[in-house]
file input-v9.cif (mmCIF, C-alpha atoms)
data_structure
loop_
_atom_site.label_atom_id
_atom_site.label_comp_id
_atom_site.auth_asym_id
_atom_site.auth_seq_id
_atom_site.Cartn_x
_atom_site.Cartn_y
_atom_site.Cartn_z
CA MET Y 1 117.29 -122.48 -5.39
CA THR Y 2 114.36 -124.89 -5.19
CA TRP Y 3 111.18 -123.72 -6.87
CA ARG Y 4 107.93 -124.79 -5.22
CA SER Y 5 104.87 -125.84 -7.15
CA SER Y 6 101.98 -123.42 -7.59
CA ASP Y 7 99.83 -125.57 -5.28
CA THR Y 8 102.42 -125.26 -2.50
CA ILE Y 9 102.64 -121.51 -2.97
CA LEU Y 10 98.85 -121.10 -2.91
CA ARG Y 11 98.57 -123.27 0.18
CA THR Y 12 101.23 -121.20 1.95
CA ILE Y 13 99.54 -117.94 0.99
CA GLY Y 14 96.27 -119.34 2.27
CA GLU Y 15 97.86 -119.96 5.66
CA LEU Y 16 98.62 -116.24 5.90
CA ALA Y 17 94.99 -115.25 5.35
CA GLN Y 18 93.13 -113.66 8.24
CA ASP Y 19 89.44 -113.13 8.96
CA ASN Y 20 88.08 -109.63 9.13
CA ILE Y 21 87.24 -107.93 12.39
CA SER Y 22 84.25 -105.60 12.68
CA TYR Y 23 83.79 -102.27 14.41
CA ALA Y 24 80.38 -100.72 15.02
CA SER Y 25 79.93 -96.97 14.71
CA GLY Y 26 77.80 -94.80 16.98
CA GLN Y 27 75.13 -94.84 14.27
CA GLY Y 28 74.90 -98.64 14.43
CA LYS Y 29 76.71 -99.27 11.15
CA THR Y 30 79.35 -102.01 10.99
CA TYR Y 31 82.63 -101.74 9.09
CA GLY Y 32 85.07 -104.54 8.34
CA PHE Y 33 88.83 -104.30 8.94
CA ASN Y 34 91.54 -106.77 8.02
CA THR Y 35 94.62 -106.27 10.20
CA ALA Y 36 96.68 -108.84 8.23
CA ASP Y 37 98.77 -109.64 11.31
CA LYS Y 38 100.60 -112.59 9.77
CA LEU Y 39 101.37 -110.78 6.53
CA ASN Y 40 102.56 -107.65 8.32
CA THR Y 41 104.77 -109.67 10.66
CA LEU Y 42 106.21 -111.54 7.67
CA LEU Y 43 106.80 -108.23 5.89
CA VAL Y 44 108.70 -106.64 8.79
CA ASN Y 45 110.71 -109.84 9.41
CA ALA Y 46 111.64 -109.97 5.71
CA LEU Y 47 112.79 -106.32 5.76
CA ILE Y 48 114.93 -107.03 8.82
CA SER Y 49 116.37 -110.22 7.31
CA THR Y 50 117.37 -108.42 4.11
CA GLY Y 51 118.90 -105.50 6.01
CA GLU Y 52 116.30 -103.00 4.79
CA LEU Y 53 115.40 -102.37 8.43
CA LYS Y 54 117.75 -102.72 11.37
CA GLU Y 55 116.81 -103.54 14.92
CA THR Y 56 117.42 -100.79 17.52
CA GLU Y 57 117.34 -98.13 14.75
CA GLU Y 58 114.93 -95.20 14.48
CA TYR Y 59 113.20 -94.33 11.21
CA ASP Y 60 110.97 -91.62 9.75
CA VAL Y 61 107.48 -92.97 9.06
CA ASP Y 62 104.85 -91.75 6.60
CA PHE Y 63 101.18 -92.73 6.86
CA ASP Y 64 98.24 -92.31 4.53
CA HIS Y 65 95.16 -94.03 3.13
CA GLN Y 66 94.49 -95.05 -0.45
CA PHE Y 67 91.21 -95.94 -2.11
CA LEU Y 68 91.64 -98.93 -4.40
CA GLU Y 69 89.00 -99.85 -6.95
CA ALA Y 70 87.89 -103.48 -6.96
CA GLY Y 71 85.07 -105.50 -8.48
CA LYS Y 72 84.85 -108.14 -5.74
CA CYS Y 73 81.52 -108.98 -4.16
CA ASP Y 74 82.40 -107.48 -0.76
CA ALA Y 75 83.74 -104.19 -2.16
CA LYS Y 76 81.87 -101.18 -0.78
CA MET Y 77 81.17 -97.89 -2.56
CA THR Y 78 83.81 -95.27 -1.67
CA TYR Y 79 83.31 -91.52 -1.52
CA LYS Y 80 85.18 -91.40 -4.83
CA LYS Y 81 82.17 -93.09 -6.44
CA PHE Y 82 83.73 -96.47 -7.21
CA PRO Y 83 83.54 -99.77 -5.30
CA GLY Y 84 86.68 -100.87 -3.54
CA TYR Y 85 88.72 -100.94 -0.35
CA ARG Y 86 90.41 -98.34 1.81
CA PRO Y 87 93.82 -99.61 3.03
CA GLY Y 88 96.01 -97.52 5.30
CA ALA Y 89 99.77 -97.87 4.81
CA HIS Y 90 102.81 -97.01 6.93
CA VAL Y 91 105.89 -96.33 4.81
CA ILE Y 92 109.58 -96.00 5.72
CA GLY Y 93 111.55 -94.45 2.87
CA ASP Y 94 110.24 -96.24 -0.24
CA ARG Y 95 109.26 -99.41 1.64
CA ILE Y 96 105.77 -100.28 2.82
CA VAL Y 97 106.24 -101.76 6.29
CA TYR Y 98 102.65 -102.16 7.47
CA ILE Y 99 99.22 -102.12 5.87
CA GLU Y 100 95.65 -102.68 7.03
CA SER Y 101 92.64 -102.89 4.76
CA SER Y 102 89.07 -101.86 5.51
CA ASP Y 103 85.73 -101.44 3.77
CA GLY Y 104 85.75 -98.76 1.11
CA ASN Y 105 82.94 -96.83 2.79
CA THR Y 106 84.81 -96.53 6.11
CA ASN Y 107 85.57 -93.02 7.35
CA VAL Y 108 89.36 -92.51 7.28
CA ARG Y 109 89.37 -91.43 10.94
CA PHE Y 110 87.32 -94.40 12.15
CA HIS Y 111 89.47 -96.53 14.53
CA GLN Y 112 92.62 -95.09 12.93
CA ALA Y 113 94.23 -94.89 16.37
CA ASP Y 114 93.87 -98.68 16.68
CA THR Y 115 95.70 -99.12 13.37
CA HIS Y 116 98.61 -97.00 14.62
CA ARG Y 117 98.66 -98.88 17.92
CA ARG Y 118 99.03 -102.23 16.13
CA PHE Y 119 101.71 -100.83 13.82
CA PHE Y 120 103.83 -99.39 16.62
CA SER Y 121 103.40 -102.54 18.70
CA LEU Y 122 104.76 -104.68 15.87
CA LEU Y 123 107.66 -102.33 15.14
CA GLU Y 124 108.66 -101.94 18.77
CA SER Y 125 108.52 -105.70 19.34
CA LYS Y 126 111.43 -105.85 16.87
CA GLY Y 127 113.38 -103.13 18.66
CA ILE Y 128 112.56 -100.51 16.00
CA ARG Y 129 111.20 -97.07 16.88
CA ALA Y 130 109.83 -94.12 14.95
CA ASN Y 131 111.86 -90.93 14.84
CA ARG Y 132 109.60 -88.55 12.89
CA PHE Y 133 106.02 -89.37 11.95
CA ARG Y 134 104.26 -87.59 9.08
CA ALA Y 135 100.60 -87.74 8.12
CA ASP Y 136 97.79 -85.82 6.48
CA CYS Y 137 95.00 -83.94 8.27
CA VAL Y 138 92.88 -87.09 8.63
CA SER Y 139 95.28 -88.03 11.46
CA CYS Y 140 94.70 -84.82 13.43
CA PRO Y 141 91.88 -85.80 15.88
CA GLU Y 142 92.97 -85.85 19.53
CA GLU Y 143 92.82 -89.62 20.11
CA ILE Y 144 94.90 -90.28 16.97
CA VAL Y 145 97.52 -87.65 17.81
CA SER Y 146 97.77 -89.04 21.35
CA GLU Y 147 98.51 -92.53 20.03
CA ILE Y 148 101.12 -91.27 17.56
CA GLU Y 149 102.80 -88.94 20.05
CA GLY Y 150 103.38 -91.79 22.47
CA HIS Y 151 105.51 -93.74 19.98
CA CYS Y 152 107.73 -91.22 18.13
CA ARG Y 153 110.13 -88.40 18.91
CA HIS Y 154 108.34 -85.84 16.76
CA PHE Y 155 105.21 -85.81 14.62
CA TYR Y 156 104.25 -83.49 11.76
CA ILE Y 157 100.56 -83.68 10.91
CA ARG Y 158 98.69 -81.52 8.46
CA ALA Y 159 96.11 -79.58 10.50
CA ASN Y 160 92.74 -78.25 9.46
CA ARG Y 161 92.25 -74.58 10.13
CA CYS Y 162 89.54 -73.57 12.58
CA GLY Y 163 87.42 -70.45 12.76
CA SER Y 164 89.38 -68.91 15.63
CA LEU Y 165 92.63 -69.27 13.69
CA ASN Y 166 91.07 -67.68 10.60
CA ASP Y 167 90.32 -64.60 12.69
CA ASP Y 168 93.95 -64.27 13.81
CA ILE Y 169 95.97 -65.47 10.84
CA PHE Y 170 95.76 -62.23 8.88
CA ALA Y 171 97.15 -60.28 11.84
CA PHE Y 172 100.34 -62.36 12.05
CA ARG Y 173 103.62 -60.52 11.57
CA GLY Y 174 107.16 -61.76 11.05
CA TRP Y 175 106.55 -64.00 8.04
CA LYS Y 176 109.80 -65.53 6.77
CA THR Y 177 110.26 -66.38 3.09
CA GLU Y 178 111.81 -69.79 2.37
CA GLU Y 179 112.16 -72.00 -0.69
CA ILE Y 180 110.92 -75.58 -0.27
CA ASN Y 181 111.57 -77.86 -3.24
CA GLY Y 182 112.25 -74.75 -5.31
CA ILE Y 183 108.89 -73.14 -4.48
CA PRO Y 184 108.79 -69.88 -2.45
CA PHE Y 185 106.66 -69.98 0.71
CA GLU Y 186 106.14 -67.63 3.62
CA LEU Y 187 106.33 -69.31 7.03
CA ASN Y 188 105.27 -68.48 10.55
CA SER Y 189 104.70 -70.45 13.76
CA ILE Y 190 102.76 -70.06 16.99
CA LEU Y 191 101.96 -72.12 20.07
CA VAL Y 192 98.34 -73.24 20.29
CA GLU Y 193 96.30 -75.06 22.90
CA LYS Y 194 94.84 -77.55 20.45
CA TRP Y 195 93.04 -79.42 23.22
CA ALA Y 196 92.49 -78.51 26.87
CA GLY Y 197 95.83 -78.46 28.66
CA ARG Y 198 97.80 -79.64 25.61
CA CYS Y 199 99.96 -77.08 23.83
CA TYR Y 200 101.57 -77.74 20.45
CA ARG Y 201 103.44 -75.79 17.81
CA LEU Y 202 101.50 -74.80 14.71
CA VAL Y 203 103.66 -74.04 11.67
CA ILE Y 204 101.73 -71.94 9.15
CA GLN Y 205 102.74 -71.98 5.52
CA ARG Y 206 101.30 -69.61 2.94
CA GLN Y 207 101.84 -69.35 -0.79
CA ARG Y 208 100.84 -66.39 -2.93
CA ARG Y 209 98.23 -67.21 -5.55
CA THR Y 210 99.67 -66.97 -9.04
CA ASN Y 211 96.33 -66.62 -10.87
CA GLY Y 212 95.62 -63.22 -9.35
CA GLU Y 213 92.29 -64.37 -7.90
CA LEU Y 214 91.32 -63.47 -4.33
CA ASP Y 215 89.74 -66.03 -2.04
CA LEU Y 216 86.92 -64.83 0.24
CA TRP Y 217 88.63 -66.25 3.35
CA GLU Y 218 92.32 -66.39 2.42
CA GLY Y 219 92.76 -63.28 0.27
CA GLY Y 220 95.73 -63.52 -2.10
CA TYR Y 221 97.33 -66.54 -0.38
CA THR Y 222 96.76 -70.26 0.10
CA TYR Y 223 97.36 -71.27 3.73
CA ARG Y 224 98.39 -74.67 5.13
CA CYS Y 225 99.07 -75.62 8.73
CA ILE Y 226 101.25 -78.31 10.32
CA LEU Y 227 100.74 -79.44 13.91
CA THR Y 228 103.92 -80.67 15.61
CA ASN Y 229 105.54 -81.36 18.97
CA ASP Y 230 108.88 -80.22 17.52
CA TYR Y 231 109.54 -76.88 19.20
CA LYS Y 232 113.21 -76.49 18.25
CA SER Y 233 113.48 -77.00 14.48
CA SER Y 234 113.27 -73.95 12.26
CA ARG Y 235 109.98 -73.12 10.60
CA SER Y 236 111.33 -74.18 7.22
CA ASP Y 237 112.58 -77.53 8.54
CA SER Y 238 109.22 -78.24 10.16
CA ALA Y 239 107.34 -77.34 6.98
CA TYR Y 240 109.73 -79.37 4.82
CA CYS Y 241 109.09 -82.44 6.99
CA LEU Y 242 105.69 -82.87 5.40
CA LYS Y 243 106.60 -82.23 1.76
CA PRO Y 244 108.21 -85.58 0.78
CA HIS Y 245 105.20 -87.41 2.17
CA CYS Y 246 103.09 -86.86 -0.94
CA GLY Y 247 105.60 -88.27 -3.41
CA VAL Y 248 106.31 -91.36 -1.33
CA ARG Y 249 102.60 -91.90 -0.84
CA GLY Y 250 101.80 -91.79 -4.54
CA TRP Y 251 104.61 -94.08 -5.70
CA CYS Y 252 104.55 -96.70 -2.97
CA ALA Y 253 100.93 -96.91 -2.00
CA GLN Y 254 99.35 -97.03 -5.43
CA ASP Y 255 101.78 -99.31 -7.24
CA ARG Y 256 102.75 -101.69 -4.48
CA GLN Y 257 99.41 -102.04 -2.77
CA LYS Y 258 97.70 -102.97 -6.00
CA SER Y 259 100.22 -105.66 -6.80
CA ARG Y 260 100.92 -107.22 -3.41
CA PHE Y 261 98.77 -106.16 -0.52
CA CYS Y 262 95.08 -106.28 -1.43
CA CYS Y 263 94.59 -108.51 1.59
CA HIS Y 264 90.93 -107.82 2.34
CA ASP Y 265 88.88 -111.01 2.60
#

call {"tool": "encode", "arguments": {"input": "input-v9.cif", "output": "structure tokens"}}
result
Amino acid sequence: MTWRSSDTILRTIGELAQDNISYASGQGKTYGFNTADKLNTLLVNALISTGELKETEEYDVDFDHQFLEAGKCDAKMTYKKFPGYRPGAHVIGDRIVYIESSDGNTNVRFHQADTHRRFFSLLESKGIRANRFRADCVSCPEEIVSEIEGHCRHFYIRANRCGSLNDDIFAFRGWKTEEINGIPFELNSILVEKWAGRCYRLVIQRQRRTNGELDLWEGGYTYRCILTNDYKSSRSDSAYCLKPHCGVRGWCAQDRQKSRFCCHD
């Protein structure tokens, strides 16, 4: 193996750099994004070359944002009260396959659909498709769900509860007790018209509070909801689809982003 000099390595890395693009909000504020097209293409090509990803295969994809602290001059103050950046990462298994960075003060929903569109476009150009797509509730707005739904077989997205659901949830019957990762949950599911003319399955998961305290709105349980276009899987399978997401997110996004993919200019 021939080792290149540090100057050659730095020059090559410099060739992969990309200027930021800017999006203006409805309030007239401008936020910077770095789509890192060259780096992301290199990353996917490297994963294919090493056999980590295979063309024509389908994979389960996780997506989430991380807030990374940084002391650089262009770092913006995040809602977590430190300056930094807000990259969004797509993960397959334990491998980051795509990442975009943005200003730390950018709302996590802002132009998120565009990020997914670029990710799916890159993956599909290599003959790779998404099987199941998992994300947190920040990916639940209609335009984001529409973009995701058009590129995967099934999606499982954590959904925020609305007032109308709160009124009905306590009247539900037929709760089924299941263990997920060794923790007992009660599960139910209904069909909901999330947006006009668009019906999806809502899997509702509740867990009894162990501290004995009663919540004003939830009583003796903690409720979580998952929006999905998977109408055939059991309630427990649909709920389980979102559980591994958190562990993968914490291990991959924090450790690997900090070391390799802080690509914001």

call {"tool": "resolve_selection", "arguments": {"input": "input-v9.cif", "expression": "the PyMOL selection byres ((chain Y and resi 197-213) around 8)", "output": "ChimeraX atom specification"}}
result
/Y:184-196,214-215,220-231,235,238-239

call {"tool": "closest_residue", "arguments": {"input": "input-v9.cif", "among": "Y:Gly14, Y:Gly32, Y:Gly150, Y:Gly174", "to": "Y:Ser101", "atoms": "only C-alpha atoms"}}
result
Y:Gly32

call {"tool": "resolve_selection", "arguments": {"input": "input-v9.cif", "expression": "the PyMOL selection byres ((chain Y and resi 115-124) around 8)", "output": "short mmCIF file (atom, residue, chain, number, x, y, z; two decimals) with C-alpha atoms, keeping the file's coordinate frame"}}
result
data_model
loop_
_atom_site.label_atom_id
_atom_site.label_comp_id
_atom_site.auth_asym_id
_atom_site.auth_seq_id
_atom_site.Cartn_x
_atom_site.Cartn_y
_atom_site.Cartn_z
CA THR Y 35 94.62 -106.27 10.20
CA THR Y 41 104.77 -109.67 10.66
CA VAL Y 44 108.70 -106.64 8.79
CA HIS Y 90 102.81 -97.01 6.93
CA TYR Y 98 102.65 -102.16 7.47
CA GLU Y 100 95.65 -102.68 7.03
CA HIS Y 111 89.47 -96.53 14.53
CA GLN Y 112 92.62 -95.09 12.93
CA ALA Y 113 94.23 -94.89 16.37
CA ASP Y 114 93.87 -98.68 16.68
CA SER Y 125 108.52 -105.70 19.34
CA LYS Y 126 111.43 -105.85 16.87
CA GLY Y 127 113.38 -103.13 18.66
CA ILE Y 128 112.56 -100.51 16.00
CA ARG Y 129 111.20 -97.07 16.88
CA GLU Y 147 98.51 -92.53 20.03
CA ILE Y 148 101.12 -91.27 17.56
CA HIS Y 151 105.51 -93.74 19.98
#

call {"tool": "resolve_selection", "arguments": {"input": "input-v9.cif", "expression": "the PyMOL selection byres ((chain Y and resi 152) around 6)", "output": "PyMOL selection string"}}
result
chain Y and resi 130-131+149+151+153-154

call {"tool": "closest_residue", "arguments": {"input": "input-v9.cif", "among": "Y:Thr12, Y:Ser139, Y:Ser22, Y:Gln27", "to": "Y:Ser102", "atoms": "all atoms listed in the file"}}
result
Y:Ser22

call {"tool": "closest_residue", "arguments": {"input": "input-v9.cif", "among": "Y:Tyr85, Y:Thr106, Y:Val145, Y:Asp62", "to": "Y:Ser25", "atoms": "only C-alpha atoms"}}
result
Y:Thr106

call {"tool": "atom_distance", "arguments": {"input": "input-v9.cif", "atom1": "atom CA of Y:Phe170", "atom2": "atom CA of Y:Ala135"}}
result
26.0 Å

call {"tool": "atom_distance", "arguments": {"input": "input-v9.cif", "atom1": "atom CA of Y:Leu43", "atom2": "atom CA of Y:Ile96"}}
result
8.6 Å

call {"tool": "closest_residue", "arguments": {"input": "input-v9.cif", "among": "Y:Leu47, Y:Ala36, Y:Ile144, Y:Met77", "to": "Y:Ile92", "atoms": "only C-alpha atoms"}}
result
Y:Leu47

call {"tool": "atom_distance", "arguments": {"input": "input-v9.cif", "atom1": "atom CA of Y:Leu53", "atom2": "atom CA of Y:Pro87"}}
result
22.4 Å

call {"tool": "closest_residue", "arguments": {"input": "input-v9.cif", "among": "Y:Tyr23, Y:Trp3, Y:Tyr79, Y:Phe63", "to": "Y:Phe155", "atoms": "all atoms listed in the file"}}
result
Y:Phe63
